[in-house]
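So the structure is just underneath, and the comments pick up after that.
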Amino acid sequence: MSVFSFWEEQRKNITRSYLLIFFFVILMGGFGFLIDYFFETGPWFTVVFLGVALIQVLVGVLSGPSLVLSSVGARPINPLNPEHKQLENIINEMGIASGLKPLPKIYYIPGEKSINAFATGLKSENAYICVTEGLLEALNREETQGVIAHELSHIYNKDMLYMTLLSAILGAVVIIQVMAFRGAWLVARTGGGRSRRDSSGCAYAIVFLIVVGLLATIFAFLGRILLFAVSRQREYLADAKAAEFTRNPQGLASALRKIALTAGKVQNASIATAHLFISDPLKRKVNEKEGFFANLFSTHPPIYKRIARLEGKSPEQVLMELEQ
Amino acid sequence: MIALWIVLGLIALILIWGIATYNGFMVLKRRIENAWAQIDVQLKRRYDLIPNLVNSVKGYMKYEQETLNKVVDARAKAVSAQTIPDKIQAEGALTQALRGLLAVVENYPDLKASEEVSTLMEELRNTENLISFARQFYNDNVMTYNTKLSIFPANVVGNMFAFKPATFWEIAAAEEREAPKVDLTKL
């Protein structure tokens, strides 16, 4: 891998990610605009949607990494343990290589035998890198360094911020969807037994709310697809950045090979936290498959494709090597 | 009248661009200085670590006096080096000597099993990595800075304020450039 190829890779990734986020915002704007346009409701729906989105963003930003860490049962590392001390040393090395300051705090998941790691936290002042105990046991120094560099890249690139903002917006759409359908149902139930004039207004309101709900459903669906696409691009970008920091793509590639060859899910991971990990902690089949639907709904790129990019091989060749 | 405003607007734009470019150079310069200081910190750390390491392996390695002496001599030379080219050369030699020591330790299983030695070895490996990453970070910043300084139109501002290209931390010895990675990673 030449010095320049990963810089190019990274630039490509940044452009793609910006494009995706741009489309996401256009999509959201289009949603509010459509409602206001068809029902002549003025700016009100846009205002309400923005309000809901703002609350979502605030909740996302404020809830922070402590929730994620406690949900997977993570503990701070103990520098007296030689393995943990080595991990701390590796983070310091990556801190120098990236120039990132301050460094994230390090946690591990005791008793978790699968090989995995994740980063969380929106700002580097309040960021955490967490590894499983299985990772500490199974990977050598060079491989651990690759994984840590990958996680540090997520923090360096402010991926958590992007992802949190995107999922907050998505959450806002889902709230609108639920509110609209509930509202329609409520109006339908309480609307009966009134005068004829009222009931025609009532029918209008129900149709209106159902249309809003259906639109929200469509946008939530499209939004989720975009969210997954951004998540996948971010993984490639973090791989490229890790290669830049370590100047050793083989370390991370070899770690990914070990991850690919070990079965086993991370016990306390959930759909909500899955996108944070270096490889899908739930080992969902969709993440390793190719094809239209798999491409749309996976949070991580197929692991053999990531290895192929790091090693400069063809994906088919890596797949063959892994299946042996 | 309109033409005047257009000219004034253009001048303002060029001024703003000039200030931004100047600040960009200053930021990069500070970053380079900071990166250099980082290297210094790590080199000092290595000096402090070596005597401890040598003392703890001495007992086990009676037949490897030559390797140990090389490390001690190289350290002394590096500490006393005055000019920057001398320093770079001496540090390169020290890196080489330490790699030789790490390779030899591989041959002594009871040495590797000692907790004290393995802790020191990890510290040494950490320091070696910190030095090379600090150097990498320094060189990357020098490259960004020098590139910016040589590309039009930023070089106009650069020349106007007499920014000088920074020097890379070149790796002195050819052997060091082709450093056998195994020595540092297999432990």
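By order of appearance in the structure tokens: chains A, B, ..., then residues from 1 within every chain, and ligands from 1 in the order shown.
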Residues of chain A within 10 Å of chain B: nearest atom pair and distance (Å, one decimal) for each, counting only C-alpha atoms, sorted by chain and number, as CSV?
residue,atom,partner,partner_atom,distance
A:Pro82,CA,B:Thr119,CA,7.1
A:Glu83,CA,B:Glu122,CA,9.9
A:Lys85,CA,B:Glu122,CA,8.8
A:Gln86,CA,B:Glu122,CA,6.9
A:Glu88,CA,B:Asn126,CA,9.8
A:Asn89,CA,B:Asn126,CA,6.0
A:Ile90,CA,B:Asn126,CA,7.2
A:Asn92,CA,B:Leu130,CA,7.7
A:Glu93,CA,B:Leu130,CA,5.1
A:Met94,CA,B:Phe133,CA,7.7
A:Gly95,CA,B:Phe133,CA,9.0
A:Ile96,CA,B:Ala134,CA,5.7
A:Ala97,CA,B:Phe133,CA,4.8
A:Ser98,CA,B:Phe137,CA,7.1
A:Gly99,CA,B:Phe137,CA,7.3
A:Asn140,CA,B:Thr185,CA,8.0
A:Arg141,CA,B:Thr185,CA,6.5
A:Glu142,CA,B:Thr185,CA,6.4
A:Glu143,CA,B:Thr185,CA,9.8
A:Phe245,CA,B:Phe133,CA,8.1
A:Thr246,CA,B:Phe133,CA,7.9
A:Arg247,CA,B:Gln136,CA,9.1
Now that the selection is made, can you save its residues with N, CA, C and O atoms as a CSV table (one decimal), in the first residue's frame?
chain,number,residue,atom,x,y,z
A,82,PRO,N,-0.4,-6.6,33.4
A,82,PRO,CA,0.5,-6.3,32.3
A,82,PRO,C,-0.3,-6.2,30.9
A,82,PRO,O,0.1,-5.3,30.1
A,83,GLU,N,-1.3,-7.0,30.7
A,83,GLU,CA,-2.0,-6.9,29.5
A,83,GLU,C,-2.7,-5.5,29.3
A,83,GLU,O,-2.8,-5.0,28.2
A,85,LYS,N,-1.8,-2.8,30.9
A,85,LYS,CA,-0.8,-1.8,30.8
A,85,LYS,C,-0.3,-1.7,29.3
A,85,LYS,O,-0.1,-0.6,28.8
A,86,GLN,N,-0.2,-2.8,28.6
A,86,GLN,CA,0.1,-2.8,27.2
A,86,GLN,C,-0.9,-2.0,26.4
A,86,GLN,O,-0.6,-1.2,25.5
A,88,GLU,N,-2.8,0.3,27.5
A,88,GLU,CA,-2.7,1.7,27.8
A,88,GLU,C,-1.5,2.3,27.0
A,88,GLU,O,-1.6,3.4,26.4
A,89,ASN,N,-0.4,1.5,26.9
A,89,ASN,CA,0.8,2.0,26.1
A,89,ASN,C,0.4,2.2,24.6
A,89,ASN,O,0.8,3.2,24.0
A,90,ILE,N,-0.4,1.2,24.1
A,90,ILE,CA,-0.8,1.3,22.7
A,90,ILE,C,-1.6,2.5,22.4
A,90,ILE,O,-1.4,3.2,21.4
A,92,ASN,N,-1.5,5.3,24.1
A,92,ASN,CA,-0.6,6.5,24.1
A,92,ASN,C,0.2,6.6,22.8
A,92,ASN,O,0.4,7.7,22.3
A,93,GLU,N,0.6,5.5,22.2
A,93,GLU,CA,1.3,5.5,20.9
A,93,GLU,C,0.4,6.1,19.9
A,93,GLU,O,0.8,6.9,19.1
A,94,MET,N,-0.8,5.6,19.8
A,94,MET,CA,-1.8,6.1,18.8
A,94,MET,C,-2.1,7.5,19.0
A,94,MET,O,-2.4,8.3,18.0
A,95,GLY,N,-2.1,8.0,20.3
A,95,GLY,CA,-2.3,9.4,20.6
A,95,GLY,C,-1.2,10.2,19.9
A,95,GLY,O,-1.5,11.3,19.3
A,96,ILE,N,0.0,9.8,20.0
A,96,ILE,CA,1.1,10.5,19.4
A,96,ILE,C,1.0,10.5,17.9
A,96,ILE,O,1.2,11.5,17.2
A,97,ALA,N,0.7,9.3,17.3
A,97,ALA,CA,0.6,9.1,15.9
A,97,ALA,C,-0.5,10.0,15.3
A,97,ALA,O,-0.4,10.5,14.2
A,98,SER,N,-1.6,10.2,16.0
A,98,SER,CA,-2.7,10.9,15.5
A,98,SER,C,-2.7,12.4,15.9
A,98,SER,O,-3.3,13.2,15.3
A,99,GLY,N,-1.9,12.7,17.0
A,99,GLY,CA,-1.9,14.1,17.5
A,99,GLY,C,-3.2,14.4,18.2
A,99,GLY,O,-3.5,15.6,18.5
A,140,ASN,N,-2.4,-10.2,19.1
A,140,ASN,CA,-1.0,-9.8,19.5
A,140,ASN,C,-0.9,-8.2,19.5
A,140,ASN,O,-1.9,-7.6,19.2
A,141,ARG,N,0.3,-7.8,19.9
A,141,ARG,CA,0.4,-6.3,20.0
A,141,ARG,C,0.1,-5.5,18.8
A,141,ARG,O,-0.6,-4.5,18.8
A,142,GLU,N,0.6,-6.0,17.7
A,142,GLU,CA,0.4,-5.3,16.4
A,142,GLU,C,-1.1,-5.3,16.0
A,142,GLU,O,-1.6,-4.3,15.5
A,143,GLU,N,-1.8,-6.4,16.2
A,143,GLU,CA,-3.2,-6.5,15.8
A,143,GLU,C,-4.0,-5.6,16.7
A,143,GLU,O,-4.9,-4.8,16.3
A,245,PHE,N,-2.4,6.0,10.6
A,245,PHE,CA,-1.8,6.2,11.9
A,245,PHE,C,-0.7,5.2,12.2
A,245,PHE,O,0.4,5.5,12.6
A,246,THR,N,-1.0,3.9,11.9
A,246,THR,CA,0.0,2.8,12.2
A,246,THR,C,1.0,2.6,11.1
A,246,THR,O,2.1,2.0,11.4
A,247,ARG,N,0.7,3.1,9.9
A,247,ARG,CA,1.6,2.7,8.7
A,247,ARG,C,1.7,1.2,8.6
A,247,ARG,O,2.8,0.7,8.2
Do you know which residues are at most 8 Å from Phe168 of chain B counting only C-alpha atoms, after dropping those on the same chain fewer than 3 positions away, and could you put them as a CSV table (one decimal) with N, CA, C and O atoms, in the first residue's frame?
chain,number,residue,atom,x,y,z
B,138,TYR,N,5.7,14.2,13.2
B,138,TYR,CA,6.5,15.3,12.8
B,138,TYR,C,6.7,15.5,11.3
B,138,TYR,O,6.5,16.5,10.7
B,139,ASN,N,7.1,14.3,10.7
B,139,ASN,CA,7.4,14.4,9.3
B,139,ASN,C,6.1,14.7,8.5
B,139,ASN,O,6.2,15.4,7.5
B,142,VAL,N,5.6,18.3,8.7
B,142,VAL,CA,6.6,19.0,7.9
B,142,VAL,C,6.2,18.9,6.4
B,142,VAL,O,6.3,19.9,5.6
B,143,MET,N,5.7,17.7,6.0
B,143,MET,CA,5.3,17.6,4.6
B,143,MET,C,4.1,18.5,4.2
B,143,MET,O,4.2,19.2,3.2
Which residues of segment 25-69 of chain B have any atom within 12 Å of an atom in segment 149-154 of chain B when counting only C-alpha atoms, and what is the closest pair of atoms for each, with the distance in Å to one decimal? Order the rows by chain and rising number and write it as a Markdown table.
| residue | atom | partner | partner_atom | distance |
| --- | --- | --- | --- | --- |
| B:Phe25 | CA | B:Leu149 | CA | 8.1 |
| B:Met26 | CA | B:Leu149 | CA | 11.5 |
| B:Leu28 | CA | B:Leu149 | CA | 10.7 |
| B:Lys29 | CA | B:Leu149 | CA | 11.2 |
Keeping C-alpha atoms for every residue in the selection just given, could you write it to a file as a short mmCIF file (atom, residue, chain, number, x, y, z; two decimals), in the first residue's frame?
data_model
loop_
_atom_site.label_atom_id
_atom_site.label_comp_id
_atom_site.auth_asym_id
_atom_site.auth_seq_id
_atom_site.Cartn_x
_atom_site.Cartn_y
_atom_site.Cartn_z
CA PHE B 25 1.20 28.64 8.11
CA MET B 26 1.50 29.71 11.75
CA LEU B 28 1.40 24.32 11.00
CA LYS B 29 4.63 25.84 12.32
#
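Separating atom CA of Arg189 of chain A from atom CA of Gly42 of chain A is a distance of 27.5 Å.
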Practice task
From a DSSP pass on the backbone, collect the residues of chain B flagged as helix (DSSP H, G or I) and hand them back as a PyMOL selection string.
Solution key: chain B and resi 2-58+62-80+84-105+109-113+115-150+154-160+174-177+182-185
Practice task
May I ask for the distance between atom CA of Tyr22 of chain B and atom CA of Tyr145 of chain B, given in Å to one decimal place?
Solution key: 11.7 Å
Practice task
Record the distance separating atom CA of Leu98 of chain B and atom CA of Val41 of chain B, expressed in Å with one decimal.
Solution key: 18.1 Å
Handout entry: Ile155 of chain A surroundings by only C-alpha atoms, 8 Å radius, close-in-sequence under 3 positions cut, as a ChimeraX atom specification
Key = /A:119-124,127,151-152,158-160
Exercise for the section: For Tyr60 of chain B, list every protein, DNA or RNA residue within 12 Å, evaluated using only C-alpha atoms, and leave out those in the same chain fewer than 6 positions away; present the list as a PyMOL selection string. Expected result: chain B and resi 53-54+68+104-105+107-114+117
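Each of A:Ala243, A:Ile176, A:Ala274, A:Ala269 was compared to Ile210 of chain A using only C-alpha atoms, and A:Ile176 turns out to be the nearest.
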